[in-house]
Structures are given as structure tokens and as C-alpha cells.
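Only one structure is covered here, and it is reproduced in the block below.
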Amino acid sequence: MPDALQFPIIDLSFPDRFSIANLIRQGCVDHGFFYLVNHGVDEELISKVFEQSSNFFSLPIEEKMKLVRKNHRGYTALYAEKLDTTLTTEGDSKESFYIGPLADDLNQWPLEEDLPSWRSTMETYHQKLLSAVTKLLSLIALSLKLEEDFFEKVGALIEPLAFIRLLHYPDLNSSSEEIFGASAHSDYGMVTLLVTDGVPGLQICREKSKQPQVWEDVPSMSGAFIVNIGDMMERWTNGLFRSTLHRVLQPRQDRYSVAFFTNPSKDCIVECLESCCTESCPPRFPPIKAIDYLEERLRLTYGL
Ligand SMILES: O=C(O)CCC(=O)C(=O)O
Ligand SMILES: [Fe+2]
């Protein structure tokens, strides 16, 4: 058995920003994963989000289906999503609910009388997470030897396409090796901040092209977000920062988690950073517009 994974612990409130930036760089180059502590999001708010998430997923399926996913907002039922697009199996054994940018009015919400304070809890969480991510991105910019406001300057943060995904992996009492809670995938955007209820299941594969693939457990850390780099950040850094393959096994008991995905604003162009390419190491990915990339990935995931 390999030793348990150890990721760097990034303290968002630590005053020496350059040493934190170096630690981030190490985490992103080695694993594409790190823990984030002192992130400014109250424990109490996180507990409330989990409680409200469980309230929603406990509703009868007919109620949940009234909010079925439109414009990538709302409910996706068990098996409706398959993150590993190469699998021929049915779909992932999870249900989820997406809440997108608050300004564009496309979100779908349960009725206040059915789930009081549900909407306001999620809106507060969205705002708090966006503020933590903005701080984190300035450190990521430093870690890439860029100016702290690099991601602002390239327009990534004008109206970032940021999504909360509430996740519920029910205990299905089945042990099919073919079906995953979330099948192997990498996230699409810049960074993802994840919090789980502590039930194990998340694994990463550090060498995606090595066969057989080696999967290692990611332990949760109380009070910390698990942060991982997404594909657009990998493209910006020409592969220096890894967007690591990960998955969730079917849990042996109910499991809840909450992911916060941050993608750049829709018109932001993601192209290889000058500091990440040379004549002998040219850009591996052509420039792309964030919205085009995101839409294509979502299309593949949902088989549209
Ligand atoms: O639930 C988890 O632990 C991970 C979820 C995940 O990887 C995702 O939703 O992209
Ligand atoms: Fe993921």
C-alpha cells in the first residue's frame, strides 16, 4: 500500500505571500492538489450548506425533477452524468445540483416555503467562495512569477463562470466495480475548492498515461478546502501545473460533498503564458475562449 498522500497546506492568511506562493507552486507541479486553510469561510456556513443540501436531496424525486438542469443550473439525477466520457456504463451514481453565477438570473431555486433560507445560504456561500478564490488566484499568479493581479488583467475575473455543485452519493448497497460515484475526470476550469463530509471515496491518479493506473486516496482535512487545478489552468501553464485525474468510489455509506468550480469569464482567452514556453518547449495547446472550452466539455459530459 502506498503511503497516504500529503499535499501542502496553504494558509490564506499567512503574511509571507512569497513563501506561500512557492508552496502553492510545489503543490500544483507535484500533484495539482493542495489544502487551503484560514480561507475566511465560516465553519458554520459550511455546515449550513451541507444541511440544506441534504434537505434538498431528501425531497421526493418528482419535486427535484421540477428543477431539472437547464442552462447548466439545477438538478441532475442519479446516473444522468458521466464524467469519464470513455466509459460505456450507464452513468455516475450521484445526484447533484448546480448553482451558477448569481448575476445572470439563470439559477433555479427551490421554493422558499419548501426549503426556507435555502437560496440565501447558497448565495452567501457563492459570494464567500468567490472571494476566497480571488485571493487564492493572486497567490497562484505570484507562484507563476506573474503580477498578483494577472488574472484580473486578462479578464478572467470580470464575471467568472463560478459554479457550486452540491453532490450526494447515495449508499446503493451495490459493489459494482464498473460504476463510480464520480468516474475518472479532470475539472475543466481554473481551480476547484472542495469540501466533503469526511466520508472517504475521493482518489487521484498522478500519472494518467501510465498503465495500470495507480489510484491513491485523498484524505479530507477538517476545516480545510481540498483545492485542485483544472484544465484551463493547465493550458495557461503549458502543463506545468497539473490538472490531475480524480474520481470518487461508490461509498459504503451516504456521502455528501460541495464543489466550487471557477472558470474564467466567458470571453477570457486562455493561452500559454510566456514564462511557461520556450523554443524547445512550445505551447502544447492553442489559445481558446473560456466559454467555448467550457461548453465543449459540458457537451461531452452530458452526451448532448
Ligand atoms: O465529491 C468529491 O469528492 C469530488 C467531486 C468531483 O471531483 C467533482 O464534482 O468534480
Ligand atoms: Fe472533479
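Following the order of the C-alpha cells, first chain is A, next is B, and so on, with residues numbered from 1 inside each chain and ligands from 1 in the order they appear.
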Near A:Ser183, within 7 Å and counting only C-alpha atoms, which residues show up once chain neighbours fewer than 3 positions away are dropped, as a PyMOL selection string? chain A and resi 82-84+92+180+247-248
Using the selection just defined, write its residues with all heavy atoms as a compact mmCIF listing (two decimals), in the first residue's frame.
# COMPACT_ATOMS: atom_id res chain seq x y z
N LYS A 82 -22.01 11.49 -16.74
CA LYS A 82 -20.89 10.54 -16.79
C LYS A 82 -19.62 11.35 -17.01
O LYS A 82 -19.38 11.86 -18.10
CB LYS A 82 -21.13 9.54 -17.92
CG LYS A 82 -20.19 8.38 -17.88
CD LYS A 82 -20.65 7.22 -18.73
CE LYS A 82 -20.85 7.62 -20.16
NZ LYS A 82 -21.19 6.51 -21.04
N LEU A 83 -18.81 11.47 -15.94
CA LEU A 83 -17.64 12.34 -16.05
C LEU A 83 -16.55 11.72 -16.91
O LEU A 83 -15.83 12.42 -17.60
CB LEU A 83 -17.12 12.68 -14.65
CG LEU A 83 -17.98 13.68 -13.87
CD1 LEU A 83 -17.56 13.78 -12.42
CD2 LEU A 83 -17.94 15.06 -14.52
N ASP A 84 -16.44 10.38 -16.87
CA ASP A 84 -15.46 9.73 -17.74
C ASP A 84 -16.17 9.40 -19.05
O ASP A 84 -16.94 8.44 -19.15
CB ASP A 84 -14.93 8.46 -17.08
CG ASP A 84 -13.88 7.76 -17.94
OD1 ASP A 84 -13.76 8.12 -19.14
OD2 ASP A 84 -13.17 6.87 -17.43
N ASP A 92 -22.74 8.05 -13.65
CA ASP A 92 -22.20 8.06 -12.29
C ASP A 92 -23.32 7.96 -11.26
O ASP A 92 -24.40 8.53 -11.45
CB ASP A 92 -21.41 9.35 -12.06
CG ASP A 92 -20.19 9.45 -12.97
OD1 ASP A 92 -19.78 8.42 -13.53
OD2 ASP A 92 -19.65 10.56 -13.11
N PHE A 180 -18.98 4.19 -10.77
CA PHE A 180 -18.31 5.06 -9.81
C PHE A 180 -19.28 6.12 -9.31
O PHE A 180 -20.23 6.47 -10.01
CB PHE A 180 -17.12 5.76 -10.49
CG PHE A 180 -16.03 4.80 -10.83
CD1 PHE A 180 -15.97 4.21 -12.08
CD2 PHE A 180 -15.07 4.45 -9.88
CE1 PHE A 180 -14.97 3.30 -12.39
CE2 PHE A 180 -14.08 3.53 -10.17
CZ PHE A 180 -14.03 2.96 -11.43
N ARG A 247 -11.34 10.72 -9.14
CA ARG A 247 -12.63 10.03 -9.20
C ARG A 247 -13.14 9.83 -7.77
O ARG A 247 -12.40 10.04 -6.80
CB ARG A 247 -12.46 8.66 -9.88
CG ARG A 247 -11.66 7.67 -9.05
CD ARG A 247 -11.46 6.34 -9.77
NE ARG A 247 -10.77 5.38 -8.92
CZ ARG A 247 -10.32 4.20 -9.34
NH1 ARG A 247 -10.47 3.84 -10.60
NH2 ARG A 247 -9.71 3.38 -8.49
N VAL A 248 -14.40 9.40 -7.68
CA VAL A 248 -14.96 9.08 -6.36
C VAL A 248 -15.52 7.66 -6.43
O VAL A 248 -16.33 7.35 -7.32
CB VAL A 248 -16.08 10.08 -5.95
CG1 VAL A 248 -16.66 9.72 -4.59
CG2 VAL A 248 -15.55 11.51 -5.93
What are the closest atom pairs, with distances in Å to one decimal, for each residue of stretch 71-171 of chain A lying within 12 Å of stretch 229-237 of chain A, using only C-alpha atoms, rows by chain and rising residue number, as a Markdown table?
| residue | atom | partner | partner_atom | distance |
| --- | --- | --- | --- | --- |
| A:Val133 | CA | A:Ile229 | CA | 12.0 |
| A:Leu136 | CA | A:Ile229 | CA | 11.7 |
| A:Leu137 | CA | A:Met233 | CA | 10.6 |
| A:Ile140 | CA | A:Met233 | CA | 10.0 |
| A:Ala141 | CA | A:Thr237 | CA | 10.7 |
| A:Ser143 | CA | A:Thr237 | CA | 11.2 |
| A:Leu144 | CA | A:Thr237 | CA | 8.3 |
| A:Lys145 | CA | A:Thr237 | CA | 11.4 |
| A:Leu146 | CA | A:Thr237 | CA | 11.5 |
| A:Phe150 | CA | A:Trp236 | CA | 11.8 |
| A:Phe151 | CA | A:Met233 | CA | 10.8 |
| A:Val154 | CA | A:Trp236 | CA | 11.5 |
| A:Ala156 | CA | A:Met232 | CA | 11.0 |
Would you return as a count of residues only the members of stretch 66-291 of chain A that DSSP assigns to strand (DSSP E or B) on this structure's backbone? 58
Find the nearest atom pair between each residue of stretch 54-149 of chain A and stretch 293-303 of chain A for residues within 12 Å, count only C-alpha atoms, give distances in Å to one decimal, sort rows by chain and ascending number, and present the table as JSON lines.
{"residue": "A:Arg69", "atom": "CA", "partner": "A:Tyr302", "partner_atom": "CA", "distance": 10.8}
{"residue": "A:Lys70", "atom": "CA", "partner": "A:Tyr302", "partner_atom": "CA", "distance": 11.9}
{"residue": "A:Asn71", "atom": "CA", "partner": "A:Glu295", "partner_atom": "CA", "distance": 10.5}
{"residue": "A:His72", "atom": "CA", "partner": "A:Leu298", "partner_atom": "CA", "distance": 8.5}
{"residue": "A:Thr76", "atom": "CA", "partner": "A:Tyr302", "partner_atom": "CA", "distance": 10.1}
{"residue": "A:Ala77", "atom": "CA", "partner": "A:Tyr302", "partner_atom": "CA", "distance": 11.9}
{"residue": "A:Tyr79", "atom": "CA", "partner": "A:Tyr302", "partner_atom": "CA", "distance": 10.5}
{"residue": "A:Ala80", "atom": "CA", "partner": "A:Tyr302", "partner_atom": "CA", "distance": 7.5}
{"residue": "A:Glu81", "atom": "CA", "partner": "A:Tyr302", "partner_atom": "CA", "distance": 5.7}
{"residue": "A:Lys82", "atom": "CA", "partner": "A:Thr301", "partner_atom": "CA", "distance": 5.7}
{"residue": "A:Leu83", "atom": "CA", "partner": "A:Thr301", "partner_atom": "CA", "distance": 5.5}
{"residue": "A:Asp84", "atom": "CA", "partner": "A:Thr301", "partner_atom": "CA", "distance": 7.5}
{"residue": "A:Thr85", "atom": "CA", "partner": "A:Thr301", "partner_atom": "CA", "distance": 6.1}
{"residue": "A:Thr86", "atom": "CA", "partner": "A:Leu300", "partner_atom": "CA", "distance": 9.9}
{"residue": "A:Leu87", "atom": "CA", "partner": "A:Thr301", "partner_atom": "CA", "distance": 11.0}
{"residue": "A:Thr88", "atom": "CA", "partner": "A:Gly303", "partner_atom": "CA", "distance": 11.8}
{"residue": "A:Glu90", "atom": "CA", "partner": "A:Gly303", "partner_atom": "CA", "distance": 11.5}
{"residue": "A:Gly91", "atom": "CA", "partner": "A:Tyr302", "partner_atom": "CA", "distance": 9.7}
{"residue": "A:Asp92", "atom": "CA", "partner": "A:Thr301", "partner_atom": "CA", "distance": 10.8}
Within 10 Å of A:Arg284, counting only C-alpha atoms, which residues qualify if same-chain residues fewer than 3 places away don't, as a VMD selection string? chain A and resid 235 to 239 271 to 272 277 281 287
Near-ligand residues for ligand 1, threshold 7 Å, only C-alpha atoms and all ligand atoms, as number ranges by chain: A: 165, 167, 182, 187, 194, 196, 201-202, 246-248, 257-259
Tell me, which residues of stretch 30-139 of chain A carry DSSP alpha helix (DSSP H), written as a VMD selection string? chain A and resid 30 43 to 57 61 to 65 118 to 139
Shortest contact to A:Asp171, candidates A:Val214, A:Cys205, A:Leu249, A:Met221, atoms counted only C-alpha atoms, goes to A:Leu249
